[in-house]
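J.: Contents of final-v3.cif (mmCIF, C-alpha atoms and all ligand atoms) are given next:
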```cif
data_coords
loop_
_atom_site.label_atom_id
_atom_site.label_comp_id
_atom_site.auth_asym_id
_atom_site.auth_seq_id
_atom_site.Cartn_x
_atom_site.Cartn_y
_atom_site.Cartn_z
CA MET A 272 103.69 98.91 116.45
CA THR A 273 101.45 101.89 116.94
CA THR A 274 100.20 102.67 113.48
CA ARG A 275 96.62 103.37 112.63
CA ASP A 276 95.00 100.97 110.25
CA THR A 277 91.67 102.55 109.44
CA ASN A 278 90.67 105.64 107.57
CA ALA A 279 90.25 108.95 109.41
CA THR A 280 87.67 110.26 106.97
CA ASP A 281 85.22 108.82 104.49
CA GLY A 282 86.69 110.37 101.32
CA ALA A 283 89.49 108.73 99.34
CA PRO A 284 92.88 109.83 100.67
CA ILE A 285 95.04 111.87 98.31
CA LEU A 286 97.97 111.44 100.68
CA GLU A 287 98.71 108.61 103.06
CA LEU A 288 101.67 108.02 105.36
CA VAL A 289 102.10 104.41 106.39
CA ASN A 290 104.31 103.90 109.45
CA LEU A 291 106.78 106.43 108.06
CA LYS A 292 110.23 106.52 109.64
CA LYS A 293 113.13 108.80 108.88
CA TYR A 294 116.34 108.33 110.84
CA PHE A 295 119.43 110.47 110.26
CA GLN A 296 122.77 108.81 110.84
CA GLN A 297 124.97 111.08 112.94
CA GLU A 298 128.46 111.48 111.55
CA GLY A 299 131.24 113.24 113.40
CA LEU A 300 134.80 113.20 114.61
CA ALA A 301 133.89 111.69 117.97
CA SER A 302 132.22 108.67 116.40
CA ALA A 303 135.08 108.22 113.89
CA PHE A 304 137.64 108.44 116.71
CA LEU A 305 135.76 106.03 118.95
CA ARG A 306 135.09 103.76 115.96
CA ARG A 307 131.55 103.30 116.99
CA LYS A 308 128.40 104.59 115.47
CA ARG A 309 126.38 107.12 117.35
CA PRO A 310 122.67 106.30 117.56
CA PRO A 311 120.66 107.78 114.71
CA VAL A 312 118.40 110.79 115.12
CA ARG A 313 114.91 109.33 114.95
CA ALA A 314 113.36 112.43 113.43
CA VAL A 315 110.19 110.60 112.35
CA ASP A 316 109.51 107.32 114.08
CA GLY A 317 106.40 105.55 112.81
CA VAL A 318 103.88 108.14 111.67
CA SER A 319 100.67 107.19 109.85
CA PHE A 320 97.87 109.46 108.72
CA ARG A 321 95.58 110.07 105.78
CA VAL A 322 94.64 113.34 104.14
CA THR A 323 91.55 113.53 101.95
CA ALA A 324 91.41 115.69 98.82
CA GLY A 325 90.46 119.28 99.58
CA GLN A 326 91.42 118.98 103.25
CA ASN A 327 93.75 121.26 105.18
CA PHE A 328 95.65 118.94 107.51
CA GLY A 329 97.67 120.70 110.20
CA LEU A 330 100.79 119.29 111.86
CA VAL A 331 101.86 120.95 115.10
CA GLY A 332 104.52 120.26 117.67
CA GLU A 333 107.56 121.70 119.37
CA SER A 334 110.75 122.47 117.51
CA GLY A 335 112.54 119.25 116.55
CA SER A 336 109.44 117.03 116.67
CA GLY A 337 109.90 115.98 113.03
CA LYS A 338 107.35 118.12 111.16
CA THR A 339 109.65 119.44 108.43
CA THR A 340 111.20 116.00 107.95
CA ILE A 341 107.71 114.62 107.28
CA GLY A 342 107.07 117.40 104.73
CA LYS A 343 110.40 116.79 103.00
CA THR A 344 109.92 113.03 102.88
CA ILE A 345 106.46 113.46 101.34
CA LEU A 346 108.01 115.63 98.62
CA ARG A 347 110.92 113.21 98.00
CA LEU A 348 113.46 115.69 99.37
CA GLU A 349 114.33 112.94 101.86
CA GLN A 350 114.21 109.16 101.44
CA PRO A 351 112.29 107.26 104.13
CA THR A 352 114.19 104.88 106.39
CA ASP A 353 111.08 102.71 106.56
CA GLY A 354 107.38 102.90 105.78
CA SER A 355 105.92 104.70 102.82
CA VAL A 356 104.23 107.79 101.46
CA LEU A 357 101.35 107.20 99.08
CA PHE A 358 100.11 109.95 96.79
CA GLU A 359 96.87 109.04 95.02
CA GLY A 360 97.62 105.46 95.99
CA ALA A 361 101.15 105.27 94.51
CA ASP A 362 104.35 105.03 96.57
CA VAL A 363 106.04 108.37 95.83
CA HIS A 364 109.54 107.01 96.41
CA ARG A 365 109.09 104.41 93.68
CA LEU A 366 107.79 106.78 90.99
CA ARG A 367 109.73 106.93 87.73
CA GLY A 368 109.41 108.57 84.30
CA GLY A 369 106.09 110.21 83.46
CA ALA A 370 104.53 109.35 86.83
CA LEU A 371 107.38 111.13 88.63
CA LYS A 372 107.06 114.17 86.38
CA GLU A 373 103.34 114.31 87.08
CA PHE A 374 103.99 113.98 90.85
CA ARG A 375 106.39 116.96 90.64
CA ARG A 376 103.72 118.99 88.90
CA ALA A 377 101.00 117.96 91.33
CA THR A 378 102.89 118.74 94.55
CA HIS A 379 104.62 121.88 95.75
CA VAL A 380 105.98 123.51 98.89
CA VAL A 381 105.94 126.93 100.53
CA PHE A 382 108.67 127.44 103.13
CA GLN A 383 108.67 129.62 106.22
CA ASP A 384 111.11 132.25 105.07
CA PRO A 385 110.37 133.78 101.66
CA ASN A 386 113.77 135.53 101.74
CA SER A 387 115.69 132.30 101.61
CA SER A 388 113.29 130.42 99.33
CA LEU A 389 113.21 133.03 96.52
CA SER A 390 116.39 133.41 94.52
CA PRO A 391 117.47 137.10 94.80
CA ARG A 392 119.00 137.07 91.32
CA MET A 393 115.88 135.90 89.53
CA ARG A 394 113.04 138.12 88.40
CA VAL A 395 109.60 137.29 89.75
CA ARG A 396 108.46 136.09 86.30
CA ASP A 397 111.25 133.49 86.28
CA ILE A 398 110.66 132.45 89.90
CA VAL A 399 106.93 131.99 89.39
CA GLY A 400 107.35 130.58 85.88
CA GLU A 401 109.98 127.99 86.77
CA PRO A 402 107.57 125.16 87.71
CA LEU A 403 105.83 125.81 84.37
CA SER A 404 108.97 125.87 82.24
CA VAL A 405 110.03 122.59 83.86
CA GLN A 406 106.77 121.22 82.45
CA GLY A 407 107.64 122.56 78.99
CA VAL A 408 105.40 125.67 79.02
CA ARG A 409 107.01 128.46 76.96
CA GLY A 410 106.43 131.85 75.32
CA ALA A 411 103.07 133.59 75.51
CA ALA A 412 101.41 130.73 77.42
CA LEU A 413 104.06 131.04 80.13
CA ARG A 414 103.75 134.84 80.36
CA GLU A 415 99.97 134.66 80.51
CA ARG A 416 99.94 132.03 83.26
CA VAL A 417 102.49 133.99 85.32
CA ALA A 418 100.34 137.14 85.03
CA GLU A 419 97.27 135.10 85.96
CA VAL A 420 98.74 133.60 89.13
CA LEU A 421 100.26 136.92 90.22
CA GLN A 422 96.77 138.36 90.02
CA LEU A 423 95.37 135.36 91.91
CA VAL A 424 97.68 136.07 94.86
CA GLY A 425 96.91 139.80 94.87
CA LEU A 426 99.99 141.16 93.04
CA SER A 427 99.92 143.36 89.97
CA PRO A 428 101.15 141.90 86.65
CA ASP A 429 104.09 144.35 86.57
CA ALA A 430 105.53 142.55 89.63
CA ALA A 431 106.78 140.02 87.04
CA ARG A 432 109.62 142.35 85.97
CA ARG A 433 110.89 143.03 89.47
CA TYR A 434 113.22 141.22 91.88
CA PRO A 435 112.23 139.73 95.29
CA HIS A 436 114.11 142.40 97.33
CA GLU A 437 111.78 145.06 95.90
CA PHE A 438 108.84 143.57 97.85
CA SER A 439 107.75 143.47 101.50
CA GLY A 440 107.85 140.22 103.51
CA GLY A 441 104.13 139.57 103.00
CA GLN A 442 104.39 140.28 99.26
CA ARG A 443 107.36 137.94 99.00
CA GLN A 444 105.31 135.19 100.59
CA ARG A 445 102.61 135.93 97.99
CA ILE A 446 105.27 135.39 95.30
CA ALA A 447 106.18 132.04 96.92
CA VAL A 448 102.48 131.09 96.92
CA ALA A 449 102.14 132.15 93.26
CA ARG A 450 105.09 129.89 92.39
CA ALA A 451 103.52 127.04 94.36
CA VAL A 452 100.18 127.23 92.52
CA ALA A 453 101.57 128.08 89.04
CA ALA A 454 101.59 124.54 87.64
CA ASP A 455 98.10 123.83 88.99
CA PRO A 456 99.13 121.41 91.76
CA LYS A 457 96.88 119.20 93.89
CA LEU A 458 98.85 119.13 97.16
CA ILE A 459 100.90 121.93 98.75
CA VAL A 460 103.05 121.44 101.82
CA LEU A 461 103.04 124.72 103.76
CA ASP A 462 105.97 124.63 106.20
CA GLU A 463 105.38 127.40 108.75
CA PRO A 464 104.03 129.69 106.00
CA VAL A 465 103.35 132.65 108.28
CA SER A 466 105.85 132.29 111.15
CA ALA A 467 108.40 134.67 109.63
CA LEU A 468 105.79 137.37 108.96
CA ASP A 469 104.56 140.29 111.05
CA VAL A 470 101.49 139.41 113.09
CA SER A 471 99.50 142.01 111.12
CA ILE A 472 100.29 140.26 107.82
CA ARG A 473 99.68 136.69 108.99
CA ALA A 474 95.88 136.82 108.74
CA GLN A 475 96.11 138.18 105.18
CA ILE A 476 98.31 135.31 104.03
CA LEU A 477 96.17 132.72 105.84
CA ASN A 478 93.06 134.20 104.19
CA LEU A 479 94.77 134.09 100.81
CA LEU A 480 95.68 130.43 101.33
CA ARG A 481 92.11 129.58 102.35
CA ASP A 482 90.72 131.44 99.33
CA LEU A 483 93.11 129.70 96.92
CA GLN A 484 92.31 126.33 98.46
CA ASP A 485 88.61 126.81 97.69
CA ARG A 486 89.14 128.27 94.23
CA LEU A 487 91.79 125.83 93.04
CA ASN A 488 90.57 122.74 94.92
CA LEU A 489 93.89 122.32 96.72
CA THR A 490 94.87 119.98 99.52
CA TYR A 491 97.23 121.40 102.15
CA LEU A 492 99.54 119.90 104.70
CA MET A 493 100.15 122.89 106.97
CA ILE A 494 103.06 122.68 109.40
CA ALA A 495 103.16 125.11 112.35
CA HIS A 496 104.48 125.56 115.87
CA ASP A 497 101.43 127.45 116.87
CA LEU A 498 98.26 125.52 117.63
CA ALA A 499 96.22 128.73 117.40
CA VAL A 500 97.25 129.12 113.73
CA VAL A 501 96.36 125.56 112.72
CA TYR A 502 93.14 125.63 114.73
CA GLN A 503 91.93 128.57 112.66
CA ALA A 504 93.21 127.30 109.34
CA CYS A 505 92.92 123.51 109.37
CA ASP A 506 90.14 120.91 109.22
CA THR A 507 92.14 118.20 110.98
CA ILE A 508 95.10 118.55 113.32
CA GLY A 509 97.86 116.07 114.10
CA VAL A 510 99.90 116.83 117.22
CA MET A 511 103.51 115.60 116.96
CA TYR A 512 105.76 114.83 119.87
CA LEU A 513 109.34 113.63 119.38
CA GLY A 514 108.87 111.94 116.02
CA LYS A 515 105.43 110.48 116.69
CA LEU A 516 101.82 111.57 116.59
CA ALA A 517 100.37 112.03 120.08
CA GLU A 518 96.84 112.91 118.97
CA GLN A 519 94.87 113.56 115.79
CA ALA A 520 91.31 114.85 115.47
CA PRO A 521 89.08 117.25 113.56
CA SER A 522 90.07 120.76 114.69
CA GLU A 523 86.82 121.47 116.55
CA ALA A 524 86.96 118.18 118.47
CA LEU A 525 90.60 118.71 119.37
CA TYR A 526 89.91 122.22 120.60
CA ARG A 527 86.77 121.26 122.52
CA GLU A 528 87.97 117.99 123.98
CA PRO A 529 91.72 117.45 123.83
CA LEU A 530 92.54 114.00 125.18
CA HIS A 531 96.32 113.75 125.26
CA PRO A 532 98.02 115.61 128.14
CA TYR A 533 100.48 117.19 125.69
CA THR A 534 97.64 118.58 123.54
CA ARG A 535 95.93 119.90 126.67
CA ILE A 536 99.08 121.71 127.68
CA LEU A 537 99.52 123.24 124.21
CA LEU A 538 95.86 124.29 124.11
CA SER A 539 95.90 125.80 127.57
CA ALA A 540 98.42 128.35 126.29
CA ILE A 541 95.96 129.72 123.70
CA PRO A 542 94.08 132.78 124.95
CA ARG A 543 90.29 132.33 124.68
CA PRO A 544 87.98 135.31 124.46
CA ASP A 545 84.99 133.43 125.93
CA PRO A 546 85.45 133.37 129.76
CA THR A 547 83.34 130.18 130.07
CA GLN A 548 85.85 128.41 127.81
CA ARG A 549 88.95 129.51 129.67
CA HIS A 550 91.35 126.77 130.57
CA GLU A 551 93.75 126.82 133.43
CA ARG A 552 97.24 127.38 131.96
CA LEU A 553 99.13 124.10 132.33
CA PRO A 554 102.91 124.26 132.51
CA LEU A 555 105.12 122.29 130.14
CA THR A 556 108.16 121.44 132.20
CA GLY A 557 111.58 120.35 130.97
CA GLU A 558 113.05 120.26 127.49
CA ILE A 559 112.03 117.98 124.65
CA PRO A 560 114.43 114.97 124.92
CA SER A 561 116.93 114.16 122.18
CA PRO A 562 115.41 112.27 119.24
CA SER A 563 118.56 110.14 119.17
CA ALA A 564 117.73 108.76 122.64
CA PRO A 565 113.95 108.95 123.05
CA PRO A 566 112.61 107.92 126.48
CA PRO A 567 111.33 104.33 126.70
CA GLY A 568 107.62 103.65 127.11
CA CYS A 569 105.61 106.77 126.36
CA ARG A 570 108.01 109.39 124.94
CA PHE A 571 106.16 112.10 126.81
CA HIS A 572 106.43 110.44 130.24
CA PRO A 573 109.35 112.49 131.66
CA ARG A 574 107.28 115.67 131.14
CA CYS A 575 103.77 114.32 131.63
CA PRO A 576 101.96 115.70 134.71
CA ILE A 577 99.75 112.59 135.04
CA ALA A 578 102.23 109.83 134.17
CA VAL A 579 101.88 106.51 136.00
CA GLU A 580 104.46 103.75 136.47
CA ARG A 581 103.43 101.91 133.33
CA CYS A 582 104.12 104.97 131.16
CA ALA A 583 107.89 104.58 131.60
CA VAL A 584 107.77 101.01 130.32
CA ASP A 585 104.95 100.43 127.83
CA GLU A 586 104.53 102.40 124.67
CA PRO A 587 100.90 103.52 124.35
CA GLU A 588 98.99 102.22 121.36
CA TRP A 589 97.75 104.61 118.65
CA ARG A 590 93.98 104.13 118.95
CA GLU A 591 90.84 105.61 117.46
CA VAL A 592 88.91 106.42 120.63
CA GLU A 593 86.04 108.23 118.91
CA PRO A 594 85.29 108.45 115.19
CA ASP A 595 88.24 110.27 113.58
CA HIS A 596 89.78 111.01 116.98
CA TRP A 597 93.10 109.20 117.50
CA VAL A 598 95.32 109.29 120.55
CA ALA A 599 98.34 107.51 122.04
CA CYS A 600 97.95 107.57 125.84
CA HIS A 601 97.42 104.79 128.40
CA LEU A 602 95.07 106.90 130.47
CA VAL A 603 92.58 107.92 127.78
N1 LIG B 701 119.58 116.38 107.59
C1 LIG B 701 119.57 116.11 108.89
N2 LIG B 701 120.60 115.48 109.49
C2 LIG B 701 120.58 115.18 110.80
N3 LIG B 701 119.54 115.49 111.62
C3 LIG B 701 118.49 116.13 111.09
C4 LIG B 701 118.45 116.48 109.70
N4 LIG B 701 117.26 117.12 109.46
C5 LIG B 701 116.61 117.16 110.65
N5 LIG B 701 117.33 116.57 111.61
C6 LIG B 701 116.96 116.40 113.02
O1 LIG B 701 115.70 115.75 113.04
C7 LIG B 701 114.89 116.26 114.09
C8 LIG B 701 113.58 116.76 113.52
O2 LIG B 701 113.85 117.91 112.73
P1 LIG B 701 112.71 118.70 111.95
O3 LIG B 701 113.36 119.82 111.23
O4 LIG B 701 111.92 117.74 111.15
O5 LIG B 701 111.81 119.24 113.14
P2 LIG B 701 110.65 120.34 113.13
O6 LIG B 701 109.51 119.74 113.88
O7 LIG B 701 110.37 120.78 111.74
O8 LIG B 701 111.30 121.51 113.97
P3 LIG B 701 111.11 123.11 113.82
O9 LIG B 701 109.77 123.40 114.43
O10 LIG B 701 112.24 123.67 114.60
O11 LIG B 701 111.17 123.46 112.36
C9 LIG B 701 115.72 117.34 114.77
O12 LIG B 701 116.36 116.77 115.90
C10 LIG B 701 116.73 117.71 113.72
O13 LIG B 701 117.93 118.19 114.31
S1 LIG B 702 100.81 107.42 128.31
FE1 LIG B 702 101.29 108.14 130.35
S2 LIG B 702 103.03 109.52 130.10
FE2 LIG B 702 102.13 109.21 128.10
S3 LIG B 702 100.74 110.90 127.88
FE3 LIG B 702 99.54 109.22 128.70
S4 LIG B 702 99.60 109.47 130.91
FE4 LIG B 702 101.21 110.79 130.06
MG MG B 703 110.46 122.63 110.79
#
```
Re-express the file's structure as C-alpha cells.
T.:
Amino acid sequence: MTTRDTNATDGAPILELVNLKKYFQQEGLASAFLRRKRPPVRAVDGVSFRVTAGQNFGLVGESGSGKTTIGKTILRLEQPTDGSVLFEGADVHRLRGGALKEFRRATHVVFQDPNSSLSPRMRVRDIVGEPLSVQGVRGAALRERVAEVLQLVGLSPDAARRYPHEFSGGQRQRIAVARAVAADPKLIVLDEPVSALDVSIRAQILNLLRDLQDRLNLTYLMIAHDLAVVYQACDTIGVMYLGKLAEQAPSEALYREPLHPYTRILLSAIPRPDPTQRHERLPLTGEIPSPSAPPPGCRFHPRCPIAVERCAVDEPEWREVEPDHWVACHLV
C-alpha cells in the first residue's frame, strides 16, 4: 500500500482522503457476449491527502488521471469503491439526516463549463437562490442574500431577473460562483473553473476566487490541467498520474524543486520570465495508458525518461521526503 499516514500540514484537516479508490465497472455488448467481465476502470486507485481549513489545494494531471472522479466522490456524487473521505472528521458517505443536510450546505462545486452547469430556463435569482431555498430560506431573506452574493461576485443586483444566456462566459462563471457561495459553504470543489474561459478573463475569475476565499474563509480543492494555473492559485499542489498521486508539495517547493520525473516534465512546459530559472523543455512521450490496465510497478515507467529495471516491477512507495513534500519514485 502506498498511502501517506502523517499530516501534510500542522492545522486540523477539514478534508481528508484515506486510500480512496473509485473503480468503474465497464458494461458493454462485448462483455455480455463473451460472458466475462471486462476489467474495471481504476479511475482513482489509492489516493490519500489532507487539506487544512483555508487552504487552496490544487490537483493537476493529464486528462483521464482521475481528478474529477476525486471531486465527485468527495461531494457524494460517486460512491467510493474503497477507502474514505472525511469532512471535519466524519466519513461523508455515512452521513445521514441533519449531518448530511449540513454537509450539503457546507460543500459546493463549480464546474468547468458555466453553460452546461446553469439551467437556461431558470432566472439568475433562482439559480443562485436554489442552495438557500433547499435550506429553507424564503421571501425577503432569500432575495437579500441573492442580491448580496451577486454583488460579492461583481454582478449588479438586477442580474437576478435575467437568464444565463444574457451574460458573457466570464459573467456566467461569476453566477456559478455566486451560487456556490450563497449558502455560506466551507469547502468548494473548483473543477477546471477557468479552462472554458478566454485567456483574458481567466485572471479576473482567479482573482475573484482568491478574494472570496480570503473574505469568506473558504477552503478550495482546485482541479486543473494546467500546472501554471494551480501554481499561481494554490498553496499546495498534488500531481496525479493515472489514478494515483505522483507528488505533493507546497506550491513554491514543487515549482523550485520538483522531484518526480512527471512533475519535472509538466513544469518544464511552463514558460518562465526569469532566464536564470529556465528549464530545458522535457518531452512527454507516448499516451497515458488505459486506467483499466495500468502498467505494473510504477505506472509512469513506460513514459519515464529515467526508468530503471526495478520500475517495471515494484510499485514505488508514497513517502514524505522533506517536510510536507511527498513523492512516489524509486530514484528520489
Ligand atoms: N461514470 C463513469 N463510468 C466509467 N468510466 C468513467 C466514469 N467517469 C469517469 N470514468 C473514467 O475514469 C477515468 C478518470 O476520469 P476523470 O473524469 O476523473 O479524469 P480527469 O482527470 O478529470 O480528466 P479530464 O482532465 O479530462 O477532466 C477516465 O478513464 C474516465 O473515462
Ligand atoms: S519509479 Fe522509476 S519509472 Fe517511476 S517515476 Fe521513478 S524513475 Fe520513473
Ligand atoms: Mg475532469
J.: To one decimal place in Å, what is the distance between atom CA of Leu553 of chain A and atom CA of Val501 of chain A?
T.: 19.9 Å
J.: Collect all residues with atoms no farther than 6 Å from ligand LIG 702 (chain B), counting all atoms listed in the file, and output them as a list in words.
T.: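 Using all atoms listed in the file, I find these residues within 6 Å of ligand LIG 702 (chain B): His531, Pro532, Cys569, Phe571, His572, Cys575, Ile577, Ala578, Val579, Cys582, Pro587, Cys600, His601 and Leu602 of chain A.
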J.: Hey, what's within 9 Å of Tyr512 of chain A if we count only C-alpha atoms and toss same-chain stuff fewer than 6 positions away? As a list in words, please?
T.: Val331, Gly332, Glu333, Gly335, Ser336, Gly337, Tyr533, Ile559, Arg570 and Phe571 of chain A
J.: Residues of chain A that have any atom at most 8 Å from an atom of ligand MG 703 (chain B): could you tabulate them with the shortest-distance atom pair and the distance in Å to one decimal, using only C-alpha atoms and all ligand atoms, ordered by chain and increasing number, as a tab-separated table?
T.:
```
residue	atom	partner	partner_atom	distance
A:Ser334	CA	B:MG703	MG	6.7
A:Gly335	CA	B:MG703	MG	7.0
A:Gly337	CA	B:MG703	MG	7.0
A:Lys338	CA	B:MG703	MG	5.5
A:Thr339	CA	B:MG703	MG	4.0
A:Thr340	CA	B:MG703	MG	7.3
A:Asp462	CA	B:MG703	MG	6.7
A:Glu463	CA	B:MG703	MG	7.3
A:Ile494	CA	B:MG703	MG	7.5
A:Ala495	CA	B:MG703	MG	7.9
```
J.: What's the 10 Å shell around Arg432 of chain A, counting all atoms listed in the file, without same-chain residues fewer than 3 positions away, as a PyMOL selection string?
T.: chain A and resi 393-397+428-429
